[in-house]
$ cat upload_29.cif   # mmCIF, C-alpha atoms
data_final
#
loop_
_atom_site.label_atom_id
_atom_site.label_comp_id
_atom_site.auth_asym_id
_atom_site.auth_seq_id
_atom_site.Cartn_x
_atom_site.Cartn_y
_atom_site.Cartn_z
CA MET A 1 105.07 -162.80 152.68
CA ASP A 2 106.59 -160.01 154.77
CA TRP A 3 110.22 -159.19 155.54
CA GLN A 4 109.99 -160.09 159.22
CA SER A 5 108.79 -163.66 158.74
CA SER A 6 111.20 -164.16 155.83
CA LEU A 7 114.13 -163.02 157.96
CA ARG A 8 113.13 -165.33 160.80
CA GLY A 9 113.10 -168.28 158.41
CA PHE A 10 116.37 -167.16 156.81
CA LYS A 11 118.03 -166.93 160.24
CA ALA A 12 116.92 -170.46 161.13
CA TYR A 13 118.15 -171.73 157.73
CA LEU A 14 121.60 -170.16 158.20
CA LYS A 15 121.90 -171.55 161.70
CA LEU A 16 120.47 -175.04 161.31
CA GLU A 17 121.20 -175.97 157.69
CA ARG A 18 124.36 -174.01 156.95
CA SER A 19 125.76 -174.05 160.51
CA LEU A 20 127.14 -170.51 160.19
CA SER A 21 128.58 -168.58 163.13
CA ALA A 22 126.45 -166.07 165.03
CA ASN A 23 128.54 -163.16 163.65
CA THR A 24 128.13 -164.34 160.04
CA ILE A 25 124.39 -164.81 160.49
CA GLU A 26 124.09 -161.31 161.95
CA ALA A 27 126.05 -159.88 159.00
CA TYR A 28 123.73 -161.60 156.49
CA LEU A 29 120.65 -160.26 158.30
CA HIS A 30 122.16 -156.75 158.25
CA ASP A 31 122.71 -157.09 154.49
CA VAL A 32 119.02 -157.81 153.93
CA ASP A 33 118.11 -154.97 156.29
CA LYS A 34 120.10 -152.58 154.08
CA LEU A 35 117.84 -153.57 151.17
CA VAL A 36 114.76 -152.90 153.33
CA GLN A 37 116.17 -149.46 154.24
CA PHE A 38 116.69 -148.77 150.53
CA PHE A 39 113.01 -149.37 149.79
CA LEU A 40 112.01 -147.24 152.79
CA ALA A 41 114.26 -144.42 151.57
CA ARG A 42 112.45 -144.54 148.22
CA SER A 43 109.02 -144.87 149.91
CA GLU A 44 108.39 -148.10 148.00
CA GLU A 45 106.07 -150.81 149.29
CA LYS A 46 107.98 -154.00 148.49
CA ASP A 47 107.85 -157.47 149.97
CA PRO A 48 110.55 -160.10 149.32
CA ALA A 49 108.51 -161.81 146.59
CA SER A 50 108.13 -158.62 144.54
CA VAL A 51 111.85 -157.71 144.44
CA THR A 52 113.22 -157.65 140.88
CA THR A 53 116.71 -157.80 139.41
CA LYS A 54 116.35 -154.11 138.51
CA ASP A 55 115.55 -153.32 142.17
CA LEU A 56 118.79 -155.00 143.23
CA LYS A 57 120.79 -153.16 140.55
CA ASP A 58 119.28 -149.85 141.74
CA PHE A 59 120.15 -150.86 145.32
CA LEU A 60 123.81 -151.40 144.37
CA VAL A 61 123.89 -147.98 142.70
CA TRP A 62 122.41 -146.49 145.89
CA VAL A 63 124.97 -148.02 148.27
CA ASN A 64 127.74 -146.99 145.87
CA GLU A 65 126.51 -143.38 145.97
CA LEU A 66 126.49 -143.57 149.77
CA GLY A 67 130.22 -144.31 149.57
CA MET A 68 130.23 -148.06 150.20
CA ILE A 69 133.47 -149.46 148.78
CA PRO A 70 133.38 -152.35 146.23
CA PRO A 71 134.60 -155.08 148.65
CA THR A 72 131.78 -154.17 151.06
CA GLN A 73 129.28 -154.04 148.19
CA ALA A 74 130.41 -157.53 147.14
CA ARG A 75 129.93 -158.84 150.68
CA VAL A 76 126.44 -157.28 150.93
CA LEU A 77 125.48 -158.79 147.57
CA SER A 78 126.70 -162.18 148.79
CA GLY A 79 124.33 -161.89 151.77
CA LEU A 80 121.42 -160.94 149.51
CA LYS A 81 122.17 -163.84 147.15
CA SER A 82 122.03 -166.22 150.11
CA PHE A 83 118.70 -164.72 151.18
CA PHE A 84 117.03 -165.06 147.79
CA LYS A 85 118.54 -168.53 147.29
CA TYR A 86 116.87 -169.53 150.59
CA LEU A 87 113.52 -168.09 149.43
CA ALA A 88 113.82 -170.04 146.16
CA LEU A 89 114.65 -173.28 148.00
CA GLU A 90 111.58 -172.79 150.18
CA ASN A 91 109.45 -172.09 147.06
CA ARG A 92 108.57 -168.67 148.42
CA ILE A 93 109.65 -167.03 145.14
CA GLU A 94 109.41 -168.34 141.59
CA THR A 95 112.66 -166.84 140.28
CA ASP A 96 115.77 -165.62 142.10
CA PRO A 97 116.25 -161.89 141.25
CA SER A 98 119.89 -162.02 142.37
CA ALA A 99 120.91 -164.97 140.18
CA LEU A 100 122.23 -162.91 137.26
CA LEU A 101 123.90 -160.18 139.32
CA GLU A 102 127.69 -160.05 139.25
CA SER A 103 129.69 -158.89 142.26
CA PRO A 104 131.46 -155.52 141.94
CA LYS A 105 135.14 -155.73 141.06
CA THR A 106 137.14 -155.72 144.26
CA THR A 107 140.56 -154.66 143.06
CA ARG A 108 142.23 -152.91 145.96
CA LYS A 109 142.12 -149.17 145.44
CA LEU A 110 143.06 -146.76 148.17
CA PRO A 111 140.10 -144.48 148.88
CA ASP A 112 140.32 -140.72 148.61
CA THR A 113 141.60 -138.85 151.61
CA LEU A 114 140.79 -135.33 152.70
CA ASN A 115 143.56 -132.87 153.45
CA ILE A 116 143.31 -130.77 156.59
CA MET A 117 141.79 -127.80 154.74
CA GLU A 118 139.11 -130.07 153.26
CA ILE A 119 138.39 -131.60 156.68
CA ASN A 120 137.91 -128.07 158.03
CA SER A 121 135.66 -127.15 155.09
CA VAL A 122 133.37 -130.13 155.74
CA ILE A 123 133.14 -129.37 159.47
CA GLU A 124 132.55 -125.67 158.82
CA SER A 125 129.72 -126.49 156.41
CA ILE A 126 127.62 -127.75 159.33
CA ASP A 127 124.64 -125.49 160.05
CA LEU A 128 124.81 -124.97 163.82
CA SER A 129 121.48 -123.13 163.81
CA ARG A 130 119.71 -126.46 163.26
CA PRO A 131 119.02 -128.76 166.25
CA GLU A 132 121.11 -131.59 164.78
CA GLY A 133 123.99 -129.26 163.85
CA MET A 134 125.93 -129.61 167.10
CA ARG A 135 125.36 -133.37 167.08
CA ASN A 136 126.77 -133.60 163.54
CA LYS A 137 129.74 -131.47 164.54
CA ALA A 138 130.45 -133.81 167.46
CA ILE A 139 130.09 -136.78 165.08
CA LEU A 140 132.63 -135.39 162.59
CA GLU A 141 135.09 -134.33 165.27
CA THR A 142 134.92 -137.78 166.89
CA LEU A 143 135.04 -139.70 163.60
CA TYR A 144 138.13 -137.85 162.39
CA GLY A 145 139.70 -137.16 165.79
CA CYS A 146 139.65 -140.82 166.85
CA GLY A 147 139.82 -142.64 163.50
CA LEU A 148 136.70 -144.69 164.18
CA ARG A 149 134.90 -147.14 161.92
CA VAL A 150 131.31 -146.03 161.31
CA SER A 151 130.01 -149.05 163.29
CA GLU A 152 132.22 -148.04 166.22
CA LEU A 153 130.80 -144.53 166.09
CA THR A 154 127.14 -145.62 166.03
CA SER A 155 127.70 -148.06 168.92
CA LEU A 156 129.71 -145.59 171.05
CA LYS A 157 128.40 -145.52 174.64
CA ILE A 158 128.35 -142.66 177.17
CA SER A 159 129.68 -145.11 179.79
CA ASN A 160 132.77 -145.59 177.58
CA LEU A 161 133.65 -141.88 177.46
CA TYR A 162 136.52 -140.96 179.78
CA LEU A 163 136.75 -137.33 178.74
CA ASP A 164 138.42 -136.21 181.97
CA ILE A 165 141.50 -138.28 181.03
CA GLU A 166 140.99 -137.71 177.26
CA PHE A 167 140.27 -141.32 176.25
CA ILE A 168 137.29 -143.24 174.89
CA LYS A 169 136.76 -147.00 174.96
CA VAL A 170 135.84 -148.36 171.53
CA VAL A 171 134.29 -151.74 170.76
CA GLY A 172 135.73 -152.84 167.41
CA LYS A 173 135.59 -155.92 165.20
CA GLY A 174 135.04 -159.17 167.06
CA ASN A 175 133.87 -157.17 170.10
CA LYS A 176 137.50 -156.31 170.86
CA GLU A 177 137.85 -153.26 173.09
CA ARG A 178 140.56 -150.63 172.80
CA LEU A 179 141.29 -147.26 174.39
CA VAL A 180 141.70 -144.40 171.92
CA PRO A 181 142.94 -140.89 172.80
CA ILE A 182 140.45 -138.12 172.04
CA GLY A 183 141.52 -134.56 171.27
CA SER A 184 140.36 -131.29 172.77
CA GLN A 185 138.12 -130.28 169.84
CA ALA A 186 136.20 -133.55 169.88
CA ILE A 187 135.88 -133.37 173.67
CA LYS A 188 134.61 -129.77 173.48
CA PHE A 189 131.83 -130.51 171.01
CA LEU A 190 130.92 -133.86 172.55
CA LYS A 191 130.35 -132.09 175.88
CA ILE A 192 128.25 -129.35 174.27
CA TYR A 193 126.15 -131.97 172.46
CA LEU A 194 125.70 -134.14 175.57
CA ASP A 195 125.04 -131.27 178.00
CA ASP A 196 122.99 -128.89 175.84
CA ILE A 197 121.38 -130.89 173.00
CA ARG A 198 121.01 -134.55 173.85
CA VAL A 199 119.40 -133.86 177.25
CA HIS A 200 116.33 -132.52 175.41
CA ILE A 201 115.82 -135.68 173.30
CA PRO A 202 113.20 -138.19 174.57
CA VAL A 203 115.40 -141.31 174.64
CA LYS A 204 113.90 -144.68 173.66
CA ALA A 205 113.84 -147.36 176.37
CA GLY A 206 117.12 -149.25 176.56
CA LYS A 207 118.98 -146.71 174.41
CA ALA A 208 120.05 -144.22 177.12
CA ASP A 209 123.73 -145.19 176.96
CA PHE A 210 124.19 -144.55 173.22
CA VAL A 211 125.97 -141.27 172.49
CA PHE A 212 124.55 -140.30 169.10
CA LEU A 213 120.76 -140.33 168.75
CA ASN A 214 118.26 -139.27 166.12
CA ARG A 215 115.43 -136.89 167.02
CA ARG A 216 113.22 -139.85 167.97
CA GLY A 217 115.69 -141.01 170.62
CA SER A 218 117.11 -144.05 168.81
CA PRO A 219 120.80 -144.61 167.96
CA LEU A 220 121.83 -143.30 164.55
CA SER A 221 122.19 -145.99 161.89
CA ARG A 222 125.23 -146.49 159.67
CA VAL A 223 123.17 -145.37 156.68
CA MET A 224 122.21 -142.13 158.45
CA ILE A 225 125.90 -141.35 159.08
CA PHE A 226 126.60 -141.95 155.37
CA LEU A 227 123.81 -139.55 154.39
CA ILE A 228 124.90 -136.85 156.87
CA ILE A 229 128.46 -136.93 155.53
CA LYS A 230 127.31 -137.02 151.90
CA ASP A 231 125.26 -133.84 152.45
CA LEU A 232 128.09 -132.05 154.29
CA VAL A 233 130.67 -132.91 151.63
CA LYS A 234 128.31 -131.61 148.96
CA ALA A 235 127.72 -128.40 150.95
CA ALA A 236 131.50 -127.95 151.25
CA GLY A 237 131.83 -128.17 147.44
CA ILE A 238 134.16 -131.19 147.55
CA LYS A 239 133.94 -133.45 144.49
CA LYS A 240 135.82 -136.48 145.85
CA SER A 241 134.05 -139.75 146.61
CA ILE A 242 133.76 -139.49 150.39
CA SER A 243 132.35 -141.86 152.99
CA PRO A 244 132.67 -142.10 156.80
CA HIS A 245 135.65 -144.39 156.21
CA THR A 246 137.45 -141.51 154.45
CA PHE A 247 137.79 -139.74 157.79
CA ARG A 248 139.38 -142.84 159.37
CA HIS A 249 141.76 -143.12 156.43
CA SER A 250 142.59 -139.40 156.63
CA PHE A 251 143.15 -139.72 160.40
CA ALA A 252 145.80 -142.42 159.86
CA THR A 253 147.42 -140.66 156.90
CA HIS A 254 147.73 -137.32 158.70
CA LEU A 255 149.22 -138.98 161.79
CA ILE A 256 151.87 -140.83 159.78
CA GLU A 257 152.71 -137.75 157.73
CA GLY A 258 153.08 -135.84 160.99
CA GLY A 259 155.65 -138.36 162.24
CA ALA A 260 153.51 -140.69 164.39
CA ASP A 261 154.83 -144.19 165.06
CA LEU A 262 153.19 -146.82 162.85
CA ARG A 263 152.67 -149.16 165.85
CA ALA A 264 150.84 -146.41 167.74
CA VAL A 265 148.57 -145.80 164.74
CA GLN A 266 147.96 -149.56 164.47
CA GLU A 267 146.86 -149.60 168.12
CA MET A 268 144.52 -146.63 167.68
CA LEU A 269 142.92 -148.09 164.54
CA GLY A 270 142.47 -151.49 166.19
CA HIS A 271 144.32 -153.44 163.49
CA GLU A 272 145.56 -156.91 164.40
CA SER A 273 148.26 -156.78 161.72
CA ILE A 274 150.70 -153.96 161.05
CA THR A 275 150.34 -154.83 157.35
CA THR A 276 146.74 -153.59 157.40
CA THR A 277 147.88 -150.30 158.91
CA GLU A 278 150.51 -149.88 156.20
CA ILE A 279 147.76 -150.15 153.56
CA TYR A 280 145.76 -147.43 155.26
CA THR A 281 148.70 -145.12 155.67
CA HIS A 282 149.81 -144.65 152.08
CA LEU A 283 152.42 -141.91 151.92
CA ASP A 284 153.52 -139.78 149.03
CA ARG A 285 157.00 -140.33 147.61
CA ASP A 286 158.29 -136.92 148.64
CA TYR A 287 157.50 -137.65 152.28
CA LEU A 288 159.20 -141.06 152.08
CA ARG A 289 162.26 -139.55 150.41
CA GLU A 290 162.47 -136.81 153.05
CA SER A 291 162.24 -139.45 155.79
CA ILE A 292 165.18 -141.37 154.29
CA VAL A 293 167.25 -138.19 153.97
CA GLN A 294 166.43 -137.13 157.52
CA TYR A 295 166.80 -140.42 159.37
CA HIS A 296 168.98 -142.85 157.41
CA PRO A 297 172.62 -142.83 158.66
CA ARG A 298 174.08 -143.17 155.14
CA SER A 299 172.02 -140.39 153.51
#

$ encode --input "upload_29.cif" --output "structure tokens"
Amino acid sequence: MDWQSSLRGFKAYLKLERSLSANTIEAYLHDVDKLVQFFLARSEEKDPASVTTKDLKDFLVWVNELGMIPPTQARVLSGLKSFFKYLALENRIETDPSALLESPKTTRKLPDTLNIMEINSVIESIDLSRPEGMRNKAILETLYGCGLRVSELTSLKISNLYLDIEFIKVVGKGNKERLVPIGSQAIKFLKIYLDDIRVHIPVKAGKADFVFLNRRGSPLSRVMIFLIIKDLVKAAGIKKSISPHTFRHSFATHLIEGGADLRAVQEMLGHESITTTEIYTHLDRDYLRESIVQYHPRS
């Protein structure tokens, strides 16, 4: 029993028996694919029937080390539980390895942010003598400069770059498009990457419009972005728990602290609700007190 045939059956089960939406089905399939990537990263030959509870526990440790936050871990585990439940129902496995696993606690905790000096340290830790160095610099500048989700970064298209007017078009959650301003530093390194580095990569068929590619000409995966950032943060000597999302969170925090309008930040982040933006833009008490003193008519 291989992964490909199991996933085909799982997809049909989710669609026909559970009547789930196309987006939910795709998310569940991505969750299982993360497990497959985990085994590939460890060079382990595993098929679905040989997966153990210990394998799944090790997988959760792995995604946690990559910076995946507990709510996302819980969602991924939910997808895996559905997958192994399906295999058990179809009598493809004797015991469900996910049955005894508990979801990570999802108490809301604001992730670490990086201050501007730390952002600079991470970017400066990039080795530009390596072929992928300029690509990684463009990735970091774009991630932080535009406040993108990692999925928005990996799906960014060349046809959606409007660098002459300093905007990019981003496809966010629910395939909703938004225009996001892009700063001069990100534009500078994107152009260098596109004009001097990417042109020498043999691009896979159908992938020519993706901005960020690996050396084999395929779009970078979310996991690859996690690993790139993990290595750069380590090289910069920063001990905080950092993920690609940290740069989005830092983007919003630095804008608000600099005096940006909350509605403008909401628009740039692609949040439907201003309440979501307020969670991302936690501000220290000194800054709030200074704002009251400066702007309130009775202060």

$ residues_around --input "upload_29.cif" --residues "stretch 180-194 of chain A" --least-positions-apart "4" --cutoff "7 Å" --atoms "all atoms listed in the file" --output "list in words"
Met134, Arg135, Lys137, Ala138, Glu141, Thr142, Gly145, Cys146, Leu163, Glu166, Phe167, Ile168, Lys169, Arg198, Val199 and Met268 of chain A

$ atom_distance --input "upload_29.cif" --atom1 "atom CA of A:Ser221" --atom2 "atom CA of A:Ser273"
28.2 Å

$ atom_distance --input "upload_29.cif" --atom1 "atom CA of A:Lys54" --atom2 "atom CA of A:Ala41"
16.4 Å

$ resolve_selection --input "upload_29.cif" --expression "the PyMOL selection byres ((chain A and resi 75) around 12)" --output "ChimeraX atom specification"
/A:24,27-28,30-32,60,68-74,76-82,102-106

$ closest_residue --input "upload_29.cif" --among "A:Val233, A:Glu267, A:Leu35, A:Thr154" --to "A:Val61" --atoms "all atoms listed in the file"
A:Leu35

$ resolve_selection --input "upload_29.cif" --expression "the PyMOL selection byres ((chain A and resi 245) around 10)" --output "CSV table (one decimal) with C-alpha atoms, keeping the file's coordinate frame"
chain,number,residue,atom,x,y,z
A,67,GLY,CA,130.2,-144.3,149.6
A,68,MET,CA,130.2,-148.1,150.2
A,69,ILE,CA,133.5,-149.5,148.8
A,111,PRO,CA,140.1,-144.5,148.9
A,112,ASP,CA,140.3,-140.7,148.6
A,113,THR,CA,141.6,-138.8,151.6
A,143,LEU,CA,135.0,-139.7,163.6
A,144,TYR,CA,138.1,-137.8,162.4
A,147,GLY,CA,139.8,-142.6,163.5
A,148,LEU,CA,136.7,-144.7,164.2
A,149,ARG,CA,134.9,-147.1,161.9
A,150,VAL,CA,131.3,-146.0,161.3
A,226,PHE,CA,126.6,-142.0,155.4
A,242,ILE,CA,133.8,-139.5,150.4
A,243,SER,CA,132.4,-141.9,153.0
A,244,PRO,CA,132.7,-142.1,156.8
A,246,THR,CA,137.4,-141.5,154.4
A,247,PHE,CA,137.8,-139.7,157.8
A,248,ARG,CA,139.4,-142.8,159.4
A,249,HIS,CA,141.8,-143.1,156.4
A,250,SER,CA,142.6,-139.4,156.6
A,251,PHE,CA,143.2,-139.7,160.4

$ atom_distance --input "upload_29.cif" --atom1 "atom CA of A:Val211" --atom2 "atom CA of A:Asn23"
23.7 Å

$ closest_residue --input "upload_29.cif" --among "A:Ala260, A:Ile228, A:Glu152, A:Leu161" --to "A:Asn214" --atoms "all atoms listed in the file"
A:Ile228

$ resolve_selection --input "upload_29.cif" --expression "the PyMOL selection byres ((chain A and resi 95-100) around 10)" --output "CSV table (one decimal) with C-alpha atoms, in the coordinates of the input"
chain,number,residue,atom,x,y,z
A,49,ALA,CA,108.5,-161.8,146.6
A,50,SER,CA,108.1,-158.6,144.5
A,51,VAL,CA,111.8,-157.7,144.4
A,52,THR,CA,113.2,-157.6,140.9
A,53,THR,CA,116.7,-157.8,139.4
A,54,LYS,CA,116.4,-154.1,138.5
A,55,ASP,CA,115.6,-153.3,142.2
A,56,LEU,CA,118.8,-155.0,143.2
A,57,LYS,CA,120.8,-153.2,140.6
A,77,LEU,CA,125.5,-158.8,147.6
A,78,SER,CA,126.7,-162.2,148.8
A,80,LEU,CA,121.4,-160.9,149.5
A,81,LYS,CA,122.2,-163.8,147.2
A,82,SER,CA,122.0,-166.2,150.1
A,83,PHE,CA,118.7,-164.7,151.2
A,84,PHE,CA,117.0,-165.1,147.8
A,85,LYS,CA,118.5,-168.5,147.3
A,86,TYR,CA,116.9,-169.5,150.6
A,87,LEU,CA,113.5,-168.1,149.4
A,88,ALA,CA,113.8,-170.0,146.2
A,89,LEU,CA,114.6,-173.3,148.0
A,91,ASN,CA,109.4,-172.1,147.1
A,92,ARG,CA,108.6,-168.7,148.4
A,93,ILE,CA,109.6,-167.0,145.1
A,94,GLU,CA,109.4,-168.3,141.6
A,101,LEU,CA,123.9,-160.2,139.3
A,102,GLU,CA,127.7,-160.0,139.2
A,103,SER,CA,129.7,-158.9,142.3

$ closest_residue --input "upload_29.cif" --among "A:Ile256, A:Phe10, A:Ser5, A:Leu114" --to "A:Lys240" --atoms "only C-alpha atoms"
A:Leu114

$ residues_around --input "upload_29.cif" --residues "A:Leu7" --least-positions-apart "4" --cutoff "9 Å" --atoms "all atoms listed in the file" --output "list of chain:residue names"
A:Asp2, A:Trp3, A:Lys11, A:Ala12, A:Leu29, A:Val32, A:Phe83

$ closest_residue --input "upload_29.cif" --among "A:Pro131, A:Gly9, A:Gly172, A:Pro48" --to "A:Leu213" --atoms "all atoms listed in the file"
A:Pro131

$ closest_residue --input "upload_29.cif" --among "A:Leu128, A:Leu156, A:Ile119, A:Ile229" --to "A:Glu177" --atoms "all atoms listed in the file"
A:Leu156
